[in-house]
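**Student:** The structure is given below, and queries will be raised subsequently.
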Amino acid sequence: MSFSSEVKEELAKHISPARHCQIAELAALMNFSGQYGRSAEGDFMIGFKTENEAVVRKGFTLLKKTYNIDTDVKISEEQMRSVIDKIGDLSEPVSPLLIKNSCCQRAFLRGAFLCIGSMSDPQKSYHLEFVCTDEDKARQLQSVIQGFDIEAKIVLRKKYYVVYLKEGSGIVDLLNVCEAPIALMKLENLRIVKEMRNSVNRRVNCETANITKTVTAATRQIEDIIYIRDHYGLENLPEPLSQMAEVRLENPDAPLKELGEYLDPPVGKSGVNHRLRKLSELADRIRT
C-alpha cells in the first residue's frame, strides 16, 4: 500500500464527534465526488463517483449519522431536499457557512484529501496535491489551507487546477490539521532519517574534499622540495627551510600540525605553512 493510501485509510476511519463537522466533511465528499439523481424508476438517489472505497464508506457513514439516510432503503424526497438545502449545488464551492469554524475546516480538508488528494512517497520526495476540475473550488481549497498558515499554490495541469504543497514541513502541518497522527509520525520519522542521511553525506563530502585538498597540497610540496634538491641542493638552504624539507620528505602524508611537532624546535601550523610556502616560491624561481 502506498503512503498516500495509508493516509486515506487513516482519514476514512476518523469520524468527528460534532454533527457540524460531520456535515462539513460530507459537504467536501459530495462537492468533489458526490452526485444527486433519480433512478429509472424515479427513486431519489445520492451517490459518489469514485473508485475509492474509503470515500464511499465514509460518505454513507456520514449520511447515516447526519441525515439518518441508509444505503439499503429508498431515499425520500424530503431526505433528498434536506441534504440539498444544507450542502447546496455541487457545481459551486462549499458554502462558507459550513466551514466557518476551524474544526469544520479541518473536517472539510479531510474529506477533500479523501476524494481528490494524493501525495508522493516521502522517502523519494515531498509533494502533496489536490486535483480539482473547477478553479473556484481550487481557490476555496487553497484559501482554507492557507488559513492554517500553510503555503499552498495552484498550477493548471491540462484541464485540472492542482492545489499543491512541496515543503515537507507544510505537509506535516496539513496532516496534523486533517488529524492523521499515525501518518504524521511516520512522515516525521522518515524526514528525520532523510535529513540525518543528507547531513552525513554533506559531512563526508566535505571531509573528502578536505582530504583531497590536503593530499594535492602535500604532493605539490614534495614535488617542489625534490626539484630544489635536484637543481639547487637542500644543503644550500637556510637551516629552518632545510629541516622543513627533510621532515616533509620523510612524512609525505602528515598534516601540517604534525609536521611542526617533528621540527627542532617544534613550530606551529602557521609556521610550517610559512616555511613550505617559502620552499614553493624558491622552487618556482629555480624553474624560471
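Ordered as shown in the C-alpha cells, chains take letters A, B, and onward, while each chain numbers its residues from 1 and ligands are numbered from 1 in the order shown.
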Based on the backbone DSSP call, show me all residues of range 131-191 of chain A assigned helix (DSSP H, G or I), as number ranges by chain.

**Tutor:** A: 135-146, 168-177, 181-191

**Student:** Please produce a file of the residues just selected, as a CSV table (one decimal), in the first residue's frame, where the atoms kept are N, CA and C atoms.

**Tutor:**
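Wrote it out as part-v8.csv, contents follow:
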```csv
chain,number,residue,atom,x,y,z
A,135,GLU,N,-11.9,25.8,-11.0
A,135,GLU,CA,-11.0,26.8,-10.5
A,135,GLU,C,-11.5,27.4,-9.2
A,136,ASP,N,-12.8,27.7,-9.1
A,136,ASP,CA,-13.3,28.3,-7.8
A,136,ASP,C,-13.2,27.3,-6.7
A,137,LYS,N,-13.4,26.1,-6.9
A,137,LYS,CA,-13.2,25.1,-5.8
A,137,LYS,C,-11.8,25.0,-5.4
A,138,ALA,N,-10.9,25.1,-6.4
A,138,ALA,CA,-9.4,25.0,-6.1
A,138,ALA,C,-9.0,26.3,-5.2
A,139,ARG,N,-9.6,27.4,-5.6
A,139,ARG,CA,-9.3,28.6,-4.8
A,139,ARG,C,-9.8,28.5,-3.4
A,140,GLN,N,-11.0,28.0,-3.3
A,140,GLN,CA,-11.5,27.8,-1.9
A,140,GLN,C,-10.6,26.9,-1.1
A,141,LEU,N,-10.2,25.8,-1.7
A,141,LEU,CA,-9.4,24.8,-1.0
A,141,LEU,C,-8.0,25.4,-0.6
A,142,GLN,N,-7.5,26.2,-1.5
A,142,GLN,CA,-6.2,26.9,-1.2
A,142,GLN,C,-6.4,27.9,-0.1
A,143,SER,N,-7.5,28.6,-0.1
A,143,SER,CA,-7.8,29.6,1.0
A,143,SER,C,-7.9,28.9,2.3
A,144,VAL,N,-8.6,27.8,2.4
A,144,VAL,CA,-8.8,27.1,3.7
A,144,VAL,C,-7.4,26.6,4.2
A,145,ILE,N,-6.6,26.0,3.3
A,145,ILE,CA,-5.3,25.5,3.7
A,145,ILE,C,-4.4,26.7,4.2
A,146,GLN,N,-4.4,27.8,3.5
A,146,GLN,CA,-3.6,28.9,3.9
A,146,GLN,C,-4.1,29.5,5.2
A,168,GLY,N,8.2,19.7,3.0
A,168,GLY,CA,7.9,18.7,4.0
A,168,GLY,C,7.2,19.2,5.2
A,169,SER,N,7.7,20.3,5.7
A,169,SER,CA,7.1,20.9,6.9
A,169,SER,C,5.6,21.3,6.7
A,170,GLY,N,5.3,21.8,5.5
A,170,GLY,CA,3.9,22.1,5.2
A,170,GLY,C,3.0,20.9,5.1
A,171,ILE,N,3.5,19.8,4.6
A,171,ILE,CA,2.8,18.6,4.5
A,171,ILE,C,2.5,18.0,5.9
A,172,VAL,N,3.6,18.1,6.7
A,172,VAL,CA,3.4,17.6,8.1
A,172,VAL,C,2.3,18.4,8.8
A,173,ASP,N,2.3,19.7,8.6
A,173,ASP,CA,1.3,20.6,9.2
A,173,ASP,C,-0.1,20.2,8.7
A,174,LEU,N,-0.2,19.9,7.4
A,174,LEU,CA,-1.5,19.6,6.9
A,174,LEU,C,-2.0,18.3,7.4
A,175,LEU,N,-1.2,17.3,7.5
A,175,LEU,CA,-1.6,16.0,8.1
A,175,LEU,C,-2.1,16.3,9.6
A,176,ASN,N,-1.4,17.2,10.3
A,176,ASN,CA,-1.8,17.5,11.6
A,176,ASN,C,-3.2,18.2,11.6
A,177,VAL,N,-3.4,19.1,10.7
A,177,VAL,CA,-4.7,19.7,10.5
A,177,VAL,C,-5.8,18.7,10.2
A,181,PRO,N,-2.6,11.5,12.9
A,181,PRO,CA,-1.4,11.4,13.7
A,181,PRO,C,-0.5,10.3,13.3
A,182,ILE,N,-1.0,9.1,12.9
A,182,ILE,CA,-0.2,8.0,12.6
A,182,ILE,C,0.7,8.3,11.4
A,183,ALA,N,0.0,8.8,10.3
A,183,ALA,CA,0.7,9.2,9.1
A,183,ALA,C,1.7,10.3,9.4
A,184,LEU,N,1.3,11.3,10.3
A,184,LEU,CA,2.2,12.4,10.6
A,184,LEU,C,3.5,11.9,11.3
A,185,MET,N,3.4,11.0,12.2
A,185,MET,CA,4.5,10.4,12.9
A,185,MET,C,5.4,9.7,12.0
A,186,LYS,N,4.8,8.9,11.1
A,186,LYS,CA,5.6,8.1,10.1
A,186,LYS,C,6.4,9.1,9.2
A,187,LEU,N,5.7,10.1,8.7
A,187,LEU,CA,6.4,11.1,7.9
A,187,LEU,C,7.5,11.8,8.6
A,188,GLU,N,7.3,12.2,9.9
A,188,GLU,CA,8.3,12.9,10.6
A,188,GLU,C,9.5,12.0,10.8
A,189,ASN,N,9.3,10.7,11.1
A,189,ASN,CA,10.4,9.7,11.3
A,189,ASN,C,11.2,9.6,10.0
A,190,LEU,N,10.5,9.6,8.8
A,190,LEU,CA,11.2,9.5,7.5
A,190,LEU,C,11.9,10.7,7.3
A,191,ARG,N,11.4,11.9,7.6
A,191,ARG,CA,12.1,13.2,7.4
A,191,ARG,C,13.4,13.2,8.3
```

**Student:** Which polymer residues have any atom within 12 Å of an atom of range 260-270 of chain A, counting only C-alpha atoms, with same-chain residues fewer than 2 positions away left out, as a PyMOL selection string?

**Tutor:** chain A and resi 239-251+254-258+272-277

**Student:** What is the CA of Ala28 in chain A-CA of Ser76 in chain A distance in Å, reported with one decimal?

**Tutor:**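 Separating CA of Ala28 in chain A from CA of Ser76 in chain A is a distance of 22.5 Å.
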
**Student:** Have a look at A:Ser95, A:Cys104, A:Glu129, A:Leu234 and name the one nearest to Ala18 in chain A; count only C-alpha atoms.

**Tutor:** A:Cys104

**Student:** Any idea what's packed within 8 Å of range 38-54 of chain A, counting only C-alpha atoms, ignoring anything in its chain fewer than 4 positions away? Could you give it as a list in words?

**Tutor:** Lys8, Glu9, Ala12, Met30, Ser33, Gly34, Lys58, Gly59, Lys74, Ile75, Ser76, Glu77, Met80, Leu114 and Cys115 of chain A

**Student:** With only C-alpha atoms as the basis for distance, which of A:Glu223, A:Ala24, A:Val215, A:Tyr161 is at the shortest distance from Leu97 in chain A?

**Tutor:** A:Ala24

**Student:** So the first atom is CA of Tyr160 in chain A and the second is CA of Glu179 in chain A; what is the distance between them in Å, to one decimal place?

**Tutor:**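 We find that CA of Tyr160 in chain A and CA of Glu179 in chain A lie 26.8 Å from each other.
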
**Student:** So which residues touch Asp134 in chain A within 10 Å, counting only C-alpha atoms, skipping near sequence neighbours fewer than 6 positions away, as a PyMOL selection string?

**Tutor:** chain A and resi 32+91-93+159-162

**Student:** Output the selection as an mmCIF file, in the first residue's frame - N, CA, C and O atoms for each residue.

**Tutor:**
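Just written: selection19.cif:
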```cif
data_model
loop_
_atom_site.group_PDB
_atom_site.id
_atom_site.type_symbol
_atom_site.label_atom_id
_atom_site.label_comp_id
_atom_site.auth_asym_id
_atom_site.auth_seq_id
_atom_site.Cartn_x
_atom_site.Cartn_y
_atom_site.Cartn_z
ATOM 1 N N PHE A 32 -16.761 17.143 -4.127
ATOM 2 C CA PHE A 32 -15.690 16.687 -5.005
ATOM 3 C C PHE A 32 -15.955 15.325 -5.644
ATOM 4 O O PHE A 32 -15.340 14.999 -6.662
ATOM 5 N N SER A 91 -22.100 22.029 -8.114
ATOM 6 C CA SER A 91 -21.268 22.685 -9.127
ATOM 7 C C SER A 91 -20.589 23.926 -8.570
ATOM 8 O O SER A 91 -19.704 24.501 -9.203
ATOM 9 N N GLU A 92 -20.968 24.344 -7.373
ATOM 10 C CA GLU A 92 -20.406 25.529 -6.736
ATOM 11 C C GLU A 92 -19.535 25.117 -5.544
ATOM 12 O O GLU A 92 -19.700 24.027 -4.988
ATOM 13 N N PRO A 93 -18.603 25.993 -5.126
ATOM 14 C CA PRO A 93 -17.817 25.693 -3.920
ATOM 15 C C PRO A 93 -18.727 25.528 -2.709
ATOM 16 O O PRO A 93 -19.863 25.997 -2.695
ATOM 17 N N LYS A 159 -6.456 20.233 -18.026
ATOM 18 C CA LYS A 159 -7.738 20.872 -17.728
ATOM 19 C C LYS A 159 -8.028 20.906 -16.226
ATOM 20 O O LYS A 159 -9.138 21.257 -15.813
ATOM 21 N N TYR A 160 -7.054 20.559 -15.410
ATOM 22 C CA TYR A 160 -7.267 20.488 -13.964
ATOM 23 C C TYR A 160 -6.523 21.615 -13.235
ATOM 24 O O TYR A 160 -5.450 22.048 -13.663
ATOM 25 N N TYR A 161 -7.107 22.043 -12.118
ATOM 26 C CA TYR A 161 -6.489 23.037 -11.246
ATOM 27 C C TYR A 161 -5.934 22.279 -10.032
ATOM 28 O O TYR A 161 -6.698 21.716 -9.253
ATOM 29 N N VAL A 162 -4.619 22.261 -9.925
ATOM 30 C CA VAL A 162 -3.961 21.447 -8.899
ATOM 31 C C VAL A 162 -3.469 22.337 -7.760
ATOM 32 O O VAL A 162 -2.643 23.239 -7.968
#
```

**Student:** Write out as a ChimeraX atom specification the residues lying within 8 Å of Ile228 in chain A, counting only C-alpha atoms and excluding same-chain residues fewer than 4 positions away.

**Tutor:** /A:224,232-234,282-283,286

**Student:** Calculate how many Å separate CA of Gly88 in chain A from CA of Val55 in chain A, rounding to one decimal.

**Tutor:**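 For CA of Gly88 in chain A relative to CA of Val55 in chain A, the distance reads 19.3 Å.
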